[in-house]
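Novice: My structure is stored as protein.cif, with mmCIF, C-alpha atoms (C1' of nucleotides).
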data_work
#
loop_
_atom_site.label_atom_id
_atom_site.label_comp_id
_atom_site.auth_asym_id
_atom_site.auth_seq_id
_atom_site.Cartn_x
_atom_site.Cartn_y
_atom_site.Cartn_z
CA MET A 1406 -51.15 -11.57 132.86
CA PRO A 1407 -49.07 -14.38 133.77
CA THR A 1408 -48.43 -15.89 130.41
CA LYS A 1409 -44.99 -14.77 129.58
CA LYS A 1410 -43.11 -15.64 126.62
CA PRO A 1411 -40.89 -18.37 125.47
CA GLU A 1412 -38.31 -17.89 122.77
CA THR A 1413 -36.70 -15.29 124.94
CA ASN A 1414 -33.76 -16.05 127.16
CA LYS A 1415 -35.92 -15.26 130.14
CA ASP A 1416 -37.05 -18.81 129.71
CA LEU A 1417 -33.88 -19.77 131.49
CA LYS A 1418 -35.70 -19.56 134.75
CA SER A 1419 -37.82 -22.57 133.88
CA ASP A 1420 -36.87 -26.05 135.00
CA HIS A 1421 -37.24 -26.89 131.37
CA TYR A 1422 -33.93 -25.23 130.68
CA PHE A 1423 -32.19 -27.23 133.37
CA GLN A 1424 -33.56 -30.41 131.91
CA LYS A 1425 -32.30 -29.55 128.45
CA VAL A 1426 -28.81 -29.02 129.77
CA TYR A 1427 -28.94 -32.33 131.59
CA ASP A 1428 -30.22 -34.12 128.52
CA VAL A 1429 -27.42 -32.86 126.33
CA THR A 1430 -24.84 -33.63 128.99
CA CYS A 1431 -26.05 -37.20 129.11
CA LEU A 1432 -25.44 -37.47 125.38
CA ILE A 1433 -21.73 -36.90 125.70
CA PRO A 1434 -20.15 -40.24 124.80
CA TYR A 1435 -18.16 -42.22 127.33
CA GLY A 1436 -14.52 -41.24 127.14
CA ARG A 1437 -15.21 -37.91 125.46
CA VAL A 1438 -15.70 -34.38 126.78
CA SER A 1439 -17.67 -31.31 125.75
CA THR A 1440 -17.65 -27.67 126.77
CA TYR A 1441 -20.03 -25.19 128.34
CA GLY A 1442 -19.99 -23.10 125.20
CA ALA A 1443 -20.77 -26.02 122.90
CA ILE A 1444 -23.80 -26.96 124.96
CA ALA A 1445 -25.05 -23.37 125.10
CA ASP A 1446 -24.51 -23.11 121.39
CA PHE A 1447 -26.43 -26.30 120.70
CA LEU A 1448 -29.36 -25.31 122.90
CA GLY A 1449 -29.44 -21.80 121.49
CA LEU A 1450 -30.39 -20.51 124.90
CA GLY A 1451 -28.45 -18.44 127.36
CA SER A 1452 -24.69 -18.40 127.49
CA ALA A 1453 -21.89 -20.68 128.56
CA ARG A 1454 -22.16 -19.21 132.04
CA MET A 1455 -25.77 -20.31 132.25
CA VAL A 1456 -24.74 -23.86 131.43
CA GLY A 1457 -22.29 -23.79 134.29
CA TRP A 1458 -25.01 -22.40 136.49
CA ALA A 1459 -27.36 -25.24 135.52
CA LEU A 1460 -24.73 -27.90 136.04
CA ASN A 1461 -24.07 -26.47 139.46
CA HIS A 1462 -27.52 -27.71 140.40
CA SER A 1463 -27.10 -31.05 138.65
CA HIS A 1464 -25.99 -32.72 141.84
CA THR A 1465 -29.64 -32.81 142.92
CA GLN A 1466 -30.61 -34.78 139.84
CA ALA A 1467 -29.88 -38.33 138.86
CA HIS A 1468 -26.52 -39.45 137.55
CA ILE A 1469 -25.40 -36.79 135.15
CA PRO A 1470 -21.92 -37.08 133.65
CA ALA A 1471 -21.11 -33.48 134.54
CA HIS A 1472 -17.46 -34.46 134.79
CA ARG A 1473 -17.41 -34.64 130.99
CA VAL A 1474 -18.02 -30.92 130.72
CA VAL A 1475 -14.92 -28.73 130.84
CA ASN A 1476 -14.09 -25.24 129.67
CA ARG A 1477 -12.82 -24.50 126.22
CA LYS A 1478 -9.19 -24.87 127.27
CA GLY A 1479 -9.88 -28.32 128.64
CA GLU A 1480 -9.51 -27.21 132.25
CA LEU A 1481 -11.58 -28.87 134.98
CA SER A 1482 -12.96 -25.53 136.10
CA GLY A 1483 -15.83 -27.19 137.93
CA ARG A 1484 -13.85 -29.66 140.00
CA LEU A 1485 -14.40 -27.79 143.26
CA HIS A 1486 -18.12 -28.32 142.95
CA PHE A 1487 -17.83 -32.07 143.21
CA ALA A 1488 -17.88 -34.02 146.45
CA THR A 1489 -14.11 -33.88 146.60
CA PRO A 1490 -11.65 -31.70 144.67
CA THR A 1491 -10.27 -34.74 142.89
CA LEU A 1492 -13.46 -36.62 142.06
CA MET A 1493 -13.88 -35.03 138.64
CA GLU A 1494 -10.38 -36.00 137.59
CA GLU A 1495 -10.86 -39.50 138.97
CA LYS A 1496 -14.03 -40.05 136.98
CA LEU A 1497 -12.34 -38.90 133.80
CA ALA A 1498 -9.39 -41.16 134.49
CA LEU A 1499 -11.76 -44.13 134.77
CA GLU A 1500 -12.84 -43.37 131.22
CA GLY A 1501 -9.28 -43.30 130.00
CA ILE A 1502 -9.04 -39.53 129.86
CA GLU A 1503 -5.68 -38.22 130.96
CA VAL A 1504 -5.69 -35.17 133.19
CA VAL A 1505 -2.57 -33.23 134.08
CA GLU A 1506 -2.56 -30.09 136.21
CA ASN A 1507 -6.37 -30.03 136.11
CA LYS A 1508 -6.32 -29.99 132.34
CA VAL A 1509 -7.52 -32.61 129.88
CA LYS A 1510 -4.74 -33.93 127.71
CA ASN A 1511 -5.39 -34.33 124.01
CA MET A 1512 -8.43 -32.05 124.27
CA ASP A 1513 -8.58 -31.55 120.50
CA ASN A 1514 -9.28 -35.22 119.88
CA LEU A 1515 -11.54 -35.84 122.84
CA PHE A 1516 -13.75 -32.80 122.31
CA TRP A 1517 -17.27 -33.67 121.29
CA HIS A 1518 -19.88 -31.20 120.02
CA PRO A 1519 -23.60 -32.04 120.47
CA ARG A 1520 -24.05 -31.31 116.80
CA GLU A 1521 -22.35 -34.61 116.09
CA ILE A 1522 -25.50 -36.39 117.16
CA GLU A 1523 -26.89 -35.87 113.70
CA GLU A 1524 -24.02 -37.78 112.21
CA TYR A 1525 -25.26 -41.03 113.63
"C1'" DA B 953 -31.45 -1.02 144.71
"C1'" DA B 954 -26.84 -1.54 142.95
"C1'" DG B 955 -22.81 -3.79 142.39
"C1'" DG B 956 -20.06 -8.04 142.70
"C1'" DT B 957 -19.45 -12.90 141.46
"C1'" DG B 958 -19.25 -16.95 138.68
"C1'" DA B 959 -18.36 -24.80 136.64
"C1'" DC B 960 -17.37 -19.34 130.12
"C1'" DA B 961 -15.79 -17.64 125.50
"C1'" DG B 962 -13.86 -14.94 121.81
"C1'" DG B 963 -11.23 -11.37 120.08
"C1'" DG B 964 -7.45 -8.23 120.57
"C1'" DT B 965 -2.53 -7.24 121.85
"C1'" DT C 1001 1.50 -18.92 122.56
"C1'" DA C 1002 -0.17 -16.44 126.49
"C1'" DC C 1003 -2.39 -12.85 128.83
"C1'" DC C 1004 -6.02 -9.21 129.15
"C1'" DC C 1005 -10.47 -7.13 128.33
"C1'" DT C 1006 -15.20 -7.30 127.35
"C1'" DG C 1007 -19.79 -9.48 126.79
"C1'" DC C 1008 -22.68 -12.60 128.90
"C1'" DC C 1009 -26.95 -13.15 132.49
"C1'" DA C 1010 -28.90 -15.03 136.89
"C1'" DC C 1011 -27.84 -15.18 141.63
"C1'" DC C 1012 -26.04 -13.36 145.97
"C1'" DT C 1013 -24.71 -9.71 149.07
#
Would you give me this structure, written as structure tokens?

Specialist:
Amino acid sequence: MPTKKPETNKDLKSDHYFQKVYDVTCLIPYGRVSTYGAIADFLGLGSARMVGWALNHSHTQAHIPAHRVVNRKGELSGRLHFATPTLMEEKLALEGIEVVENKVKNMDNLFWHPREIEEY
DNA sequence: AAGGTGACAGGGT
DNA sequence: TACCCTGCCACCT
């Protein structure tokens, strides 16, 4: 019997999961950043590592502001997965986000949690 | 088949 | 404050 079950984390294999990650990522406001953990927390599926895994495949999809996702310390841990090692920092700079030593400055104020959507 | 490797995070020291 | 250790879970040797 093929019909397996949802609800479980095994659902991560579905493209549906990838899409959810992309959707949330696209909700991150211009000039703000979020984290792998915050997205995983909001989705309630998988772990922060899974979010990174999903984003790793985001390059095949349409424009996804993956550069706005950093780790909890504000470090650009995914920069090496972009076309060039500096592209992630450049994109953030265009949005007015200051990056020093591969770390987002003023992370506390720029951090955005998907839960804030409900406050609109 | 089993162990190593990540675009991570949180708690302990 | 900073570093280390452990949990996490799918993918790749």

Novice: Residues of chain A within 8 Å of chain C, using all atoms listed in the file, as a PyMOL selection string?

Specialist: chain A and resi 1451-1452+1454-1455

Novice: As a PyMOL selection string, could you give me every residue of chain A near chain B (at most 7 Å apart, counting all atoms listed in the file)?

Specialist: chain A and resi 1441-1442+1453-1454+1457+1461+1476+1482-1483

Novice: What are the centre and the three edge lengths of an axis-aligned box that wraps all atoms of stretch 955-964 of chain B in the file, given that 5 Å is added to every side, written as JSON and rounded to one decimal in Å?

Specialist:
{"center_x": -15.1, "center_y": -14.3, "center_z": 131.4, "size_x": 25.4, "size_y": 31.0, "size_z": 32.6}

Novice: Taking 3 positions as the minimum chain separation for residues in the same chain, which residues sit within 12 Å of A:Leu1485 when counting all atoms listed in the file? Answer as a PyMOL selection string.

Specialist: (chain A and resi 1461+1472+1481-1482+1488-1494+1507) or (chain B and resi 959)

Novice: Rounded to one decimal in Å, what is the spacing between atom CA of A:Pro1519 and atom CA of A:Val1429?

Specialist: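 Atom CA of A:Val1429 lies 7.0 Å from atom CA of A:Pro1519.
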
Novice: Could you jot down the atom CA of A:His1468 to atom CA of A:Tyr1435 separation for me, Å, one decimal place?

Specialist: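 Atom CA of A:Tyr1435 lies 13.5 Å from atom CA of A:His1468.
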
Novice: As a list of chain:residue names, please: the residues near A:Lys1425 (cut-off 10 Å, all atoms listed in the file, same-chain neighbours under 6 positions excluded).

Specialist: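 Counting only the stated atoms, we get A:Cys1431, A:Ile1444, A:Leu1448, A:Leu1450, A:Val1456, A:Ala1459.
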
Novice: Could you tell me which residues the PyMOL selection byres ((chain A and resi 1432) around 10) returns for this structure, as a list in words?

Specialist: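 Matching residues under the PyMOL selection byres ((chain A and resi 1432) around 10) are Tyr1427, Asp1428, Val1429, Thr1430, Cys1431, Ile1433, Pro1434, Tyr1435, Ser1439, Ile1469, Pro1470, Trp1517, His1518, Pro1519 and Ile1522 of chain A.
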
Novice: For the PyMOL selection byres ((chain A and resi 1513) around 12), applied here, can you spell out every residue it catches as a count of residues only?

Specialist: 16

Novice: Do you have the atom CA of A:Arg1520-atom CA of A:Val1474 distance handy?

Specialist: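 Taking atom CA of A:Arg1520 as the start and atom CA of A:Val1474 as the end point, the length is 15.2 Å.
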